[in-house]
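Peer 1: What follows is the file target05.csv, containing CSV, C-alpha atoms:
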chain,number,residue,atom,x,y,z
A,1,MET,CA,1.4,28.6,3.1
A,2,ASN,CA,-0.1,26.5,0.3
A,3,THR,CA,1.4,23.5,-1.4
A,4,GLU,CA,2.7,25.4,-4.4
A,5,GLU,CA,4.3,28.0,-2.3
A,6,PHE,CA,6.0,25.4,-0.1
A,7,ARG,CA,7.2,23.5,-3.2
A,8,GLN,CA,8.7,26.7,-4.6
A,9,SER,CA,10.3,27.6,-1.4
A,10,LEU,CA,12.0,24.2,-1.2
A,11,LEU,CA,13.3,24.6,-4.7
A,12,ASP,CA,14.5,28.2,-4.0
A,13,ALA,CA,16.3,27.0,-0.9
A,14,GLY,CA,18.0,24.3,-2.9
A,15,LEU,CA,16.7,21.6,-0.5
A,16,LEU,CA,15.1,19.9,-3.5
A,17,VAL,CA,15.9,20.1,-7.2
A,18,ASP,CA,13.2,19.8,-9.8
A,19,GLY,CA,13.8,16.6,-11.7
A,20,GLY,CA,12.1,17.8,-14.8
A,21,VAL,CA,8.9,15.7,-14.4
A,22,ASP,CA,6.1,16.2,-11.8
A,23,GLY,CA,6.9,14.3,-8.7
A,24,LEU,CA,10.5,13.8,-9.5
A,25,TYR,CA,13.1,15.5,-7.2
A,26,LEU,CA,16.8,15.4,-6.7
A,27,ARG,CA,17.6,15.7,-3.0
A,28,SER,CA,20.3,18.0,-1.6
A,29,PHE,CA,22.7,16.5,0.9
A,30,ARG,CA,21.0,18.9,3.4
A,31,PHE,CA,17.6,17.3,2.8
A,32,GLU,CA,19.2,13.8,3.0
A,33,SER,CA,20.9,14.6,6.3
A,34,ILE,CA,17.4,14.9,7.8
A,35,VAL,CA,16.3,11.7,6.2
A,36,ARG,CA,19.4,9.8,7.5
A,37,GLY,CA,18.8,11.4,10.9
A,38,LEU,CA,15.2,10.1,10.9
A,39,GLU,CA,16.3,6.7,9.8
A,40,ALA,CA,18.8,6.4,12.7
A,41,TYR,CA,16.3,7.8,15.2
A,42,ILE,CA,13.5,5.3,14.2
A,43,SER,CA,15.8,2.3,13.8
A,44,SER,CA,17.5,2.9,17.1
A,45,ALA,CA,14.2,3.4,18.9
A,46,TRP,CA,12.7,0.3,17.5
A,47,PHE,CA,15.7,-1.9,17.5
A,48,ASP,CA,14.8,-5.6,18.3
A,49,PRO,CA,17.4,-8.3,17.9
A,50,ARG,CA,14.7,-10.6,16.5
A,51,GLN,CA,14.2,-8.3,13.5
A,52,THR,CA,16.0,-9.2,10.3
A,53,GLN,CA,17.2,-5.8,8.9
A,54,LEU,CA,17.5,-5.3,5.1
A,55,PHE,CA,18.0,-2.5,2.7
A,56,LEU,CA,16.0,-3.3,-0.5
A,57,PRO,CA,16.9,-2.2,-4.0
A,58,PRO,CA,14.3,-0.1,-5.9
A,59,ILE,CA,13.3,-3.1,-8.0
A,60,MET,CA,11.7,-6.5,-7.3
A,61,PRO,CA,10.6,-9.5,-9.3
A,62,LEU,CA,7.7,-8.6,-11.7
A,63,SER,CA,5.9,-11.7,-10.4
A,64,THR,CA,5.8,-10.1,-6.9
A,65,LEU,CA,3.8,-7.2,-8.3
A,66,VAL,CA,1.2,-9.6,-9.6
A,67,THR,CA,1.2,-12.1,-6.7
A,68,ALA,CA,0.8,-9.3,-4.1
A,69,GLY,CA,-2.3,-8.1,-6.0
A,70,TYR,CA,-0.8,-4.7,-6.6
A,71,ALA,CA,-1.2,-4.8,-10.4
A,72,THR,CA,-4.9,-5.8,-9.9
A,73,SER,CA,-5.8,-3.2,-7.2
A,74,PHE,CA,-3.6,-0.3,-8.3
A,75,PRO,CA,-2.8,-0.7,-12.0
A,76,ASN,CA,-2.6,3.1,-12.2
A,77,LEU,CA,0.3,3.3,-9.7
A,78,ILE,CA,2.6,0.5,-10.9
A,79,GLY,CA,5.9,0.9,-12.6
A,80,THR,CA,7.1,-1.9,-14.9
A,81,ILE,CA,10.3,-1.9,-16.8
A,82,SER,CA,11.0,-2.6,-20.5
A,83,SER,CA,14.1,-3.1,-22.4
A,84,PHE,CA,15.2,-3.9,-25.9
A,85,MET,CA,15.5,-7.7,-26.4
A,86,GLY,CA,15.3,-7.9,-30.1
A,87,SER,CA,17.6,-8.8,-33.0
A,88,GLU,CA,20.0,-6.7,-35.0
A,89,ARG,CA,17.2,-6.4,-37.6
A,90,GLU,CA,14.7,-5.3,-35.1
A,91,LEU,CA,17.2,-2.8,-33.7
A,92,VAL,CA,16.9,-0.9,-37.0
A,93,THR,CA,13.2,-0.2,-36.5
A,94,LEU,CA,13.8,0.9,-32.8
A,95,LEU,CA,16.5,3.4,-33.9
A,96,GLU,CA,14.2,4.6,-36.7
A,97,ALA,CA,11.4,5.2,-34.2
A,98,LEU,CA,13.7,7.0,-31.8
A,99,SER,CA,15.1,9.3,-34.6
A,100,THR,CA,11.6,10.2,-36.0
A,101,GLY,CA,10.1,10.8,-32.5
A,102,GLU,CA,7.6,8.0,-32.9
A,103,ASP,CA,6.4,5.8,-30.0
A,104,TRP,CA,9.4,3.5,-29.6
A,105,SER,CA,8.0,1.7,-26.5
A,106,ALA,CA,6.4,-0.8,-28.8
A,107,HIS,CA,9.8,-2.1,-29.7
A,108,LEU,CA,10.7,-2.9,-26.1
A,109,THR,CA,9.8,-6.0,-24.0
A,110,GLN,CA,8.7,-6.1,-20.4
A,111,VAL,CA,11.6,-7.4,-18.2
A,112,GLU,CA,11.5,-9.7,-15.2
A,113,VAL,CA,11.8,-6.9,-12.6
A,114,ALA,CA,9.5,-4.0,-11.8
A,115,LEU,CA,9.8,-0.9,-9.6
A,116,CYS,CA,9.1,-1.7,-5.9
A,117,SER,CA,5.4,-1.0,-5.0
A,118,ALA,CA,5.7,-1.3,-1.2
A,119,SER,CA,8.5,-2.1,1.1
A,120,CYS,CA,6.9,-5.3,2.5
A,121,HIS,CA,6.1,-6.9,-0.9
A,122,PRO,CA,9.6,-8.2,-1.7
A,123,ILE,CA,9.8,-9.9,1.7
A,124,TYR,CA,6.8,-12.3,1.4
A,125,PRO,CA,8.3,-14.5,-1.4
A,126,LEU,CA,11.4,-15.0,0.7
A,127,LEU,CA,9.2,-16.8,3.3
A,128,ARG,CA,7.6,-19.3,1.0
A,129,SER,CA,9.6,-22.4,1.6
A,130,LEU,CA,9.7,-22.4,5.4
A,131,PRO,CA,6.9,-22.7,8.0
A,132,VAL,CA,6.5,-19.4,9.9
A,133,PRO,CA,7.4,-19.9,13.6
A,134,ASP,CA,4.5,-19.5,16.1
A,135,GLU,CA,6.2,-16.4,17.6
A,136,GLY,CA,6.2,-14.9,14.2
A,137,LEU,CA,8.9,-13.3,12.0
A,138,LEU,CA,9.9,-9.7,12.2
A,139,TYR,CA,11.6,-7.6,9.6
A,140,GLU,CA,12.9,-4.0,9.4
A,141,VAL,CA,13.4,-2.9,5.8
A,142,GLN,CA,14.0,0.3,3.9
A,143,CYS,CA,13.1,0.6,0.3
A,144,PRO,CA,12.8,3.2,-2.4
A,145,CYS,CA,9.3,2.7,-3.7
A,146,PHE,CA,7.6,3.9,-6.9
A,147,ARG,CA,4.0,5.1,-7.3
A,148,HIS,CA,2.9,6.7,-10.6
A,149,GLU,CA,1.3,9.8,-9.1
A,150,PRO,CA,2.8,12.8,-10.9
A,151,SER,CA,1.8,15.8,-8.9
A,152,HIS,CA,3.0,19.3,-8.1
A,153,ASP,CA,2.6,18.5,-4.4
A,154,PRO,CA,6.1,17.7,-3.0
A,155,ALA,CA,4.4,15.3,-0.6
A,156,ARG,CA,3.4,13.2,-3.5
A,157,MET,CA,6.8,12.1,-5.0
A,158,GLN,CA,6.9,9.3,-7.6
A,159,SER,CA,10.0,7.9,-5.9
A,160,PHE,CA,10.1,7.9,-2.1
A,161,ARG,CA,11.6,5.9,0.8
A,162,GLN,CA,9.6,3.7,3.1
A,163,HIS,CA,11.2,2.6,6.4
A,164,GLU,CA,9.0,-0.3,7.3
A,165,TYR,CA,8.4,-2.9,9.9
A,166,ILE,CA,6.8,-6.2,9.0
A,167,TYR,CA,5.3,-9.0,11.0
A,168,VAL,CA,4.3,-12.4,9.7
A,169,GLY,CA,2.8,-15.0,12.0
A,170,PRO,CA,-0.4,-15.8,13.9
A,171,GLU,CA,-3.4,-13.5,13.7
A,172,GLU,CA,-3.2,-12.3,17.3
A,173,GLY,CA,0.5,-11.4,16.9
A,174,ALA,CA,-0.2,-9.4,13.7
A,175,ARG,CA,-3.0,-7.5,15.3
A,176,THR,CA,-1.1,-6.8,18.5
A,177,ARG,CA,2.1,-5.8,16.8
A,178,ARG,CA,0.2,-3.2,14.6
A,179,GLU,CA,-1.4,-1.6,17.7
A,180,LEU,CA,2.1,-1.3,19.3
A,181,TRP,CA,3.6,0.2,16.2
A,182,ILE,CA,0.9,2.8,15.9
A,183,ALA,CA,1.2,3.9,19.5
A,184,GLY,CA,5.0,3.9,19.3
A,185,ALA,CA,5.2,5.8,16.1
A,186,ARG,CA,2.8,8.5,17.3
A,187,GLU,CA,5.1,9.0,20.3
A,188,LEU,CA,8.3,9.0,18.2
A,189,LEU,CA,6.9,11.7,15.8
A,190,GLU,CA,5.4,13.8,18.6
A,191,ASP,CA,8.8,13.8,20.3
A,192,LEU,CA,10.1,15.5,17.1
A,193,GLY,CA,7.5,18.3,17.6
A,194,LEU,CA,5.0,17.1,15.0
A,195,ASP,CA,1.2,17.2,15.8
A,196,ILE,CA,-0.1,13.7,15.0
A,197,ASP,CA,-3.6,12.4,14.4
A,198,VAL,CA,-4.3,8.7,14.0
A,199,VAL,CA,-7.2,8.0,11.6
A,200,GLU,CA,-8.8,5.1,10.0
A,201,ALA,CA,-8.1,5.0,6.3
A,202,ASN,CA,-8.2,3.0,3.1
A,203,ASP,CA,-5.8,2.4,0.2
A,204,PRO,CA,-6.6,4.3,-3.1
A,205,PHE,CA,-7.9,1.1,-4.9
A,206,PHE,CA,-8.5,1.9,-8.5
A,207,GLY,CA,-11.9,2.3,-10.1
A,208,ARG,CA,-15.5,1.5,-9.0
A,209,ALA,CA,-14.6,-2.0,-7.9
A,210,GLY,CA,-11.9,-0.3,-5.9
A,211,GLN,CA,-14.6,1.5,-3.9
A,212,LEU,CA,-15.9,-1.8,-2.7
A,213,LEU,CA,-12.4,-2.9,-1.6
A,214,ALA,CA,-11.9,0.5,0.1
A,215,ALA,CA,-15.2,0.2,1.9
A,216,GLY,CA,-14.3,-3.3,3.1
A,217,GLN,CA,-10.9,-2.2,4.3
A,218,ARG,CA,-12.4,0.7,6.3
A,219,GLU,CA,-15.2,-1.4,7.8
A,220,LYS,CA,-12.7,-3.9,9.1
A,221,VAL,CA,-10.3,-1.1,10.1
A,222,LEU,CA,-7.4,-2.7,8.3
A,223,LYS,CA,-5.5,0.5,7.8
A,224,TYR,CA,-4.6,3.4,10.1
A,225,GLU,CA,-2.7,6.5,8.9
A,226,LEU,CA,-0.7,8.9,11.0
A,227,MET,CA,-1.6,12.4,9.8
A,228,THR,CA,0.2,15.7,10.1
A,229,ARG,CA,0.9,18.8,8.1
A,230,ILE,CA,3.4,18.0,5.3
A,231,SER,CA,3.3,20.6,2.5
A,232,SER,CA,0.3,22.7,3.6
A,233,ASP,CA,-2.0,23.2,6.5
A,234,SER,CA,-4.2,20.3,5.3
A,235,PRO,CA,-2.8,17.2,7.0
A,236,GLY,CA,-1.5,14.2,5.0
A,237,ALA,CA,-0.4,10.7,5.9
A,238,VAL,CA,3.3,10.3,6.9
A,239,CYS,CA,2.9,6.7,8.2
A,240,SER,CA,0.5,3.9,7.8
A,241,GLY,CA,-0.2,0.8,9.9
A,242,ASN,CA,-1.8,-2.1,8.0
A,243,TYR,CA,-3.2,-5.4,9.1
A,244,HIS,CA,-3.4,-7.7,6.1
A,245,GLU,CA,-5.4,-10.6,7.6
A,246,ASP,CA,-4.3,-13.7,5.7
A,247,HIS,CA,-4.2,-11.8,2.3
A,248,PHE,CA,-0.4,-12.1,1.7
A,249,GLY,CA,-0.3,-15.4,3.6
A,250,LYS,CA,-2.7,-16.9,1.1
A,251,ASP,CA,-1.2,-15.3,-2.0
A,252,PHE,CA,2.4,-16.3,-1.2
A,253,GLY,CA,1.7,-19.6,0.5
A,254,LEU,CA,2.9,-18.7,3.9
A,255,SER,CA,1.9,-21.1,6.7
A,256,LEU,CA,2.4,-21.6,10.4
A,257,SER,CA,3.7,-24.8,11.9
A,258,ASP,CA,0.1,-26.2,12.3
A,259,GLY,CA,-0.5,-25.7,8.6
A,260,SER,CA,-2.8,-22.7,9.0
A,261,ILE,CA,-2.3,-19.6,6.8
A,262,ALA,CA,0.0,-16.9,8.3
A,263,HIS,CA,-1.4,-13.4,8.9
A,264,SER,CA,0.7,-10.3,8.5
A,265,ALA,CA,0.9,-6.6,9.4
A,266,CYS,CA,3.2,-3.8,8.5
A,267,PHE,CA,4.0,-0.3,9.6
A,268,GLY,CA,5.7,2.2,7.3
A,269,PHE,CA,7.4,5.5,7.9
A,270,GLY,CA,7.4,7.8,4.8
A,271,LEU,CA,10.9,9.2,5.3
A,272,ASP,CA,10.6,11.9,2.6
A,273,ARG,CA,7.2,13.0,3.9
A,274,ILE,CA,8.3,13.2,7.5
A,275,THR,CA,11.3,15.2,6.4
A,276,LEU,CA,9.0,17.6,4.5
A,277,SER,CA,6.8,17.8,7.5
A,278,LEU,CA,9.7,18.7,9.8
A,279,LEU,CA,10.7,21.4,7.3
A,280,PHE,CA,7.2,22.7,7.0
A,281,THR,CA,6.7,22.7,10.8
A,282,HIS,CA,10.1,23.9,12.1
A,283,GLY,CA,11.4,25.9,9.1
A,284,PHE,CA,14.3,25.5,6.8
A,285,ASP,CA,17.0,26.5,9.2
A,286,VAL,CA,17.7,23.2,10.9
A,287,ASP,CA,20.1,24.8,13.4
A,288,ALA,CA,17.1,26.8,14.7
A,289,TRP,CA,14.9,23.7,15.2
A,290,PRO,CA,13.8,22.8,18.7
A,291,SER,CA,16.8,21.4,20.6
A,292,ALA,CA,14.9,18.2,21.5
A,293,THR,CA,14.2,17.6,17.8
A,294,ARG,CA,17.9,18.2,16.8
A,295,GLN,CA,19.2,16.1,19.7
A,296,ARG,CA,17.0,13.2,18.7
A,297,LEU,CA,17.8,13.3,15.0
A,298,PHE,CA,21.4,14.4,14.9
A,299,ALA,CA,23.0,13.4,18.2
A,300,THR,CA,26.1,11.4,17.4
A,301,THR,CA,27.0,8.4,19.5
A,302,VAL,CA,30.5,7.2,20.2
A,303,SER,CA,31.0,3.5,19.4
A,304,PRO,CA,32.4,1.3,22.2
A,305,GLY,CA,36.1,1.0,22.1
A,306,THR,CA,36.7,4.5,20.6
A,307,SER,CA,37.8,7.5,22.7
B,1,MET,CA,-36.4,-20.3,-4.5
B,2,SER,CA,-36.8,-17.3,-6.9
B,3,ASP,CA,-35.2,-17.0,-10.2
B,4,VAL,CA,-33.1,-14.1,-8.9
B,5,GLU,CA,-31.9,-16.2,-5.9
B,6,ASN,CA,-31.0,-19.0,-8.3
B,7,THR,CA,-29.0,-16.7,-10.6
B,8,VAL,CA,-27.2,-15.1,-7.6
B,9,LYS,CA,-26.1,-18.5,-6.4
B,10,GLU,CA,-24.9,-19.4,-9.9
B,11,ILE,CA,-22.9,-16.2,-10.1
B,12,LEU,CA,-21.4,-17.0,-6.6
B,13,GLU,CA,-20.6,-20.5,-7.9
B,14,ALA,CA,-18.8,-19.1,-10.9
B,15,HIS,CA,-17.1,-16.0,-9.5
B,16,GLY,CA,-17.1,-16.3,-5.7
B,17,ARG,CA,-14.1,-18.7,-5.4
B,18,LEU,CA,-15.8,-20.3,-2.4
B,19,PRO,CA,-14.3,-23.5,-1.0
B,20,VAL,CA,-17.9,-24.9,-0.8
B,21,SER,CA,-20.4,-25.1,-3.6
B,22,ALA,CA,-22.5,-21.9,-3.7
B,23,LEU,CA,-25.5,-23.9,-4.9
B,24,THR,CA,-25.7,-25.6,-1.5
B,25,LEU,CA,-25.7,-22.3,0.5
B,26,LYS,CA,-28.7,-21.2,2.6
B,27,SER,CA,-30.0,-17.7,1.9
B,28,ASP,CA,-28.8,-16.3,5.2
B,29,ASP,CA,-25.4,-18.0,5.3
B,30,ASP,CA,-22.6,-15.5,6.0
B,31,LEU,CA,-20.7,-15.6,2.7
B,32,TYR,CA,-17.5,-14.1,4.3
B,33,GLN,CA,-17.5,-16.9,6.9
B,34,LYS,CA,-18.0,-19.3,4.0
B,35,GLY,CA,-14.8,-18.0,2.4
B,36,LEU,CA,-15.8,-15.0,0.2
B,37,THR,CA,-12.8,-12.6,0.0
B,38,SER,CA,-12.9,-8.9,-0.7
B,39,HIS,CA,-11.4,-9.4,-4.1
B,40,ALA,CA,-13.8,-12.2,-5.0
B,41,SER,CA,-16.7,-10.0,-3.9
B,42,VAL,CA,-15.6,-7.5,-6.5
B,43,ASN,CA,-15.8,-10.2,-9.2
B,44,VAL,CA,-19.2,-11.2,-7.9
B,45,MET,CA,-20.4,-7.6,-8.0
B,46,LEU,CA,-19.3,-7.1,-11.6
B,47,ALA,CA,-20.9,-10.4,-12.7
B,48,LEU,CA,-24.2,-9.4,-10.9
B,49,GLU,CA,-24.2,-6.0,-12.7
B,50,ASP,CA,-23.6,-7.7,-16.0
B,51,SER,CA,-26.2,-10.4,-15.5
B,52,PHE,CA,-29.0,-8.2,-14.2
B,53,ASP,CA,-28.0,-5.1,-16.2
B,54,VAL,CA,-27.8,-2.9,-13.1
B,55,VAL,CA,-25.2,-0.7,-11.6
B,56,PHE,CA,-24.5,-0.8,-7.9
B,57,PRO,CA,-24.6,2.8,-6.6
B,58,ASP,CA,-21.8,4.0,-4.2
B,59,ALA,CA,-24.2,3.5,-1.2
B,60,LEU,CA,-24.4,-0.2,-1.9
B,61,LEU,CA,-20.6,-0.7,-2.4
B,62,ARG,CA,-20.3,-2.0,1.1
B,63,ARG,CA,-19.4,-5.4,2.6
B,64,GLY,CA,-22.9,-5.8,4.0
B,65,THR,CA,-24.4,-5.8,0.5
B,66,PHE,CA,-22.6,-9.1,-0.2
B,67,GLN,CA,-22.9,-10.6,3.3
B,68,SER,CA,-25.4,-13.3,2.2
B,69,VAL,CA,-27.5,-14.5,-0.7
B,70,SER,CA,-30.6,-12.8,0.8
B,71,ALA,CA,-28.6,-9.5,1.3
B,72,ILE,CA,-27.6,-9.6,-2.4
B,73,CYS,CA,-31.2,-10.2,-3.4
B,74,GLU,CA,-32.4,-7.4,-1.2
B,75,ALA,CA,-29.9,-5.0,-2.8
B,76,LEU,CA,-31.0,-6.2,-6.3
B,77,THR,CA,-34.6,-5.5,-5.4
B,78,THR,CA,-33.8,-1.9,-4.5
B,79,LEU,CA,-32.3,-1.7,-8.0
B,80,GLY,CA,-35.6,-2.9,-9.5
B,81,VAL,CA,-34.6,-6.5,-10.2
B,82,GLY,CA,-37.4,-9.0,-9.9
B,83,VAL,CA,-39.9,-6.2,-9.3
B,84,ASP,CA,-43.0,-6.3,-11.6
B,85,PRO,CA,-43.5,-3.0,-13.4
B,86,VAL,CA,-46.6,-1.2,-12.3
Take the structure in the file and give it back as structure tokens.
Peer 2:
Amino acid sequence: MNTEEFRQSLLDAGLLVDGGVDGLYLRSFRFESIVRGLEAYISSAWFDPRQTQLFLPPIMPLSTLVTAGYATSFPNLIGTISSFMGSERELVTLLEALSTGEDWSAHLTQVEVALCSASCHPIYPLLRSLPVPDEGLLYEVQCPCFRHEPSHDPARMQSFRQHEYIYVGPEEGARTRRELWIAGARELLEDLGLDIDVVEANDPFFGRAGQLLAAGQREKVLKYELMTRISSDSPGAVCSGNYHEDHFGKDFGLSLSDGSIAHSACFGFGLDRITLSLLFTHGFDVDAWPSATRQRLFATTVSPGTS
Amino acid sequence: MSDVENTVKEILEAHGRLPVSALTLKSDDDLYQKGLTSHASVNVMLALEDSFDVVFPDALLRRGTFQSVSAICEALTTLGVGVDPV
């Protein structure tokens, strides 16, 4: 099955609804039940009382987009937000443009928030004012992220969820933590019946200058991706494990107790992509999925104190 | 020191964002050890292209190309910079 056939079959089955723009989908509750099952499965397997757990909104400060370097490296993927902040008189010209079908965006002003570029980005500014402890800081977050990549491939949604683990601390801790995450995630996903390959990768930095950044990232093996079939027989990335060196530490002024710059690493699960991969691999009838997969995703637990 | 090497050091001084003065660097000093970041190396690359009127081909868009002043000069030589026309 090719990507287009898979996309159409998802729409025909009512699992996804076409949102009217390439890469925009409304999710059925049936689709979401798999996403929620994945979220519970991952979160429970990787529970650590030292982790601060946060659900992030789909927006973050505009300044974070700039400080994190995302606007510089991926200007083609960002989503900024504009709103009308003019006077009554200026409103007239906006309404005129709207009614005549002209470009009305010129009458809007960029606001102080932007769409979230990656789940770890909103966390770093929170750590600015305190020294990072020597044992490091751990976060588990989930965030709806935006990348302007309109595509017919359902694996490339403009709005998608990342369930992400973040470490900020000494270099050795960041490197070690990433290795543990990669190995652990491979096992978690293979236990769901997915064939996983771990490959060295690079981010899609924009332009010619981006090629130099991408080459540097690969040469230093700063990024690994976990690959499997998502929407066709050609594998795509469902997770990525990233070691940032001191990039975010420098940009956000994060330091350890000895004054040195903190390093960081993150590991993200693409919940929508993994859900698509499960549907592609096991079929659309969830009741017919391998029992081990269903057990891991949908087993209910009884809370202590209830009968 | 050649004119090319001089110019390379001046470009590193202006765009390399090094914590030390690029003018004091030895030709074989490891620029990354001296504080050159990936993002700064991009600015250096663009400034070199502008100054010497060259375009770095894909094969030269690697960390090694900007490892040292001498590595940069070597790359520029392959692009015809500082080479007398026959």
Peer 1: Mind listing as number ranges by chain which residues of chain A are within 12 Å of chain B, counting only C-alpha atoms?
Peer 2: A: 69-70, 72-73, 205-220, 244-247, 250-251
Peer 1: Pick from A:Gln162, A:Asn76, A:Ser9, A:Thr275: nearest to Pro58 in chain A, with all atoms listed in the file counted?
Peer 2: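 Among the listed residues, the smallest separation from Pro58 in chain A belongs to A:Gln162.
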Peer 1: Restricting the calculation to only C-alpha atoms: of A:Phe280, A:Arg229, A:Asp153, A:Gly253, which residue gets closest to Ser129 in chain A?
Peer 2: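 Using only C-alpha atoms, Ser129 in chain A sits closest to A:Gly253.
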Peer 1: Counting all atoms listed in the file, figure out which residue out of B:Ser2, B:Lys34, B:Asp50, B:Asp28 gets nearest to Gly16 in chain B.
Peer 2: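 Selected residue with least distance to Gly16 in chain B: B:Lys34.
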Peer 1: How many Å lie between CA of Thr67 in chain A and CA of Ser255 in chain A, rounded to one decimal?
Peer 2: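 Taking CA of Thr67 in chain A as the start and CA of Ser255 in chain A as the end point, the length is 16.2 Å.
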Peer 1: Name all residues at most 8 Å from Val81 in chain B (count all atoms listed in the file; drop same-chain ones fewer than 4 positions away) and give them as a compact mmCIF listing (two decimals) with C-alpha atoms, in the frame of the given file.
Peer 2:
# COMPACT_ATOMS: atom_id res chain seq x y z
CA VAL B 4 -33.10 -14.10 -8.90
CA PHE B 52 -29.00 -8.20 -14.20
CA LEU B 76 -31.00 -6.20 -6.30
CA THR B 77 -34.60 -5.50 -5.40
Peer 1: Separation of CA of Pro57 in chain A and CA of Ile81 in chain A, in Å?
Peer 2: 14.4 Å
Peer 1: Mind listing as a ChimeraX atom specification all residues within 7 Å of (-21.3, -18.6, -5.4), counting only C-alpha atoms?
Peer 2: /B:9-16,18,21-23
Peer 1: Name all residues at most 12 Å from Glu179 in chain A (count all atoms listed in the file; drop same-chain ones fewer than 2 positions away) and give them as a PyMOL selection string.
Peer 2: chain A and resi 172-177+181-186+198+221-224+240-243+265-267
Peer 1: Take the residues that were just selected and, keeping C-alpha atoms, output them as a PDB file, keeping the file's coordinate frame.
Peer 2:
ATOM      1  CA  GLU A 172      -3.200 -12.300  17.300  1.00  0.00           C
ATOM      2  CA  GLY A 173       0.500 -11.400  16.900  1.00  0.00           C
ATOM      3  CA  ALA A 174      -0.200  -9.400  13.700  1.00  0.00           C
ATOM      4  CA  ARG A 175      -3.000  -7.500  15.300  1.00  0.00           C
ATOM      5  CA  THR A 176      -1.100  -6.800  18.500  1.00  0.00           C
ATOM      6  CA  ARG A 177       2.100  -5.800  16.800  1.00  0.00           C
ATOM      7  CA  TRP A 181       3.600   0.200  16.200  1.00  0.00           C
ATOM      8  CA  ILE A 182       0.900   2.800  15.900  1.00  0.00           C
ATOM      9  CA  ALA A 183       1.200   3.900  19.500  1.00  0.00           C
ATOM     10  CA  GLY A 184       5.000   3.900  19.300  1.00  0.00           C
ATOM     11  CA  ALA A 185       5.200   5.800  16.100  1.00  0.00           C
ATOM     12  CA  ARG A 186       2.800   8.500  17.300  1.00  0.00           C
ATOM     13  CA  VAL A 198      -4.300   8.700  14.000  1.00  0.00           C
ATOM     14  CA  VAL A 221     -10.300  -1.100  10.100  1.00  0.00           C
ATOM     15  CA  LEU A 222      -7.400  -2.700   8.300  1.00  0.00           C
ATOM     16  CA  LYS A 223      -5.500   0.500   7.800  1.00  0.00           C
ATOM     17  CA  TYR A 224      -4.600   3.400  10.100  1.00  0.00           C
ATOM     18  CA  SER A 240       0.500   3.900   7.800  1.00  0.00           C
ATOM     19  CA  GLY A 241      -0.200   0.800   9.900  1.00  0.00           C
ATOM     20  CA  ASN A 242      -1.800  -2.100   8.000  1.00  0.00           C
ATOM     21  CA  TYR A 243      -3.200  -5.400   9.100  1.00  0.00           C
ATOM     22  CA  ALA A 265       0.900  -6.600   9.400  1.00  0.00           C
ATOM     23  CA  CYS A 266       3.200  -3.800   8.500  1.00  0.00           C
ATOM     24  CA  PHE A 267       4.000  -0.300   9.600  1.00  0.00           C
TER      25      PHE A 267
END
Peer 1: Would you mind reading off the distance between CA of Gln53 in chain A and CA of Tyr139 in chain A, one decimal, in Å?
Peer 2: 5.9 Å
Peer 1: Using all atoms listed in the file, which residues sit within 9 Å of Pro144 in chain A once same-chain residues fewer than 2 positions away are excluded, as a VMD selection string?
Peer 2: chain A and resid 56 to 59 115 to 119 142 146 159 to 163
Peer 1: Could you check which of B:Val69, B:Val54, B:Leu36, B:Leu48 is closest to Thr24 in chain B, using only C-alpha atoms?
Peer 2: B:Val69
Peer 1: Which one is closest to Ala13 in chain A: A:Thr52, A:Leu126, A:Arg27, A:Met1? Count only C-alpha atoms.
Peer 2: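 Of the candidates, the smallest distance to Ala13 in chain A is held by A:Arg27.
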Peer 1: Env of Phe66 in chain B: 8 Å cut, atoms = all atoms listed in the file, seq-sep filter 5 positions within chain, self excluded. Answer as a count of residues only.
Peer 2: 4
Peer 1: Using all atoms listed in the file, which of A:Leu256, A:Leu65, A:Leu180, A:Ala97 sits nearest Pro125 in chain A?
Peer 2: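 For Pro125 in chain A, the nearest of the given residues is A:Leu65.
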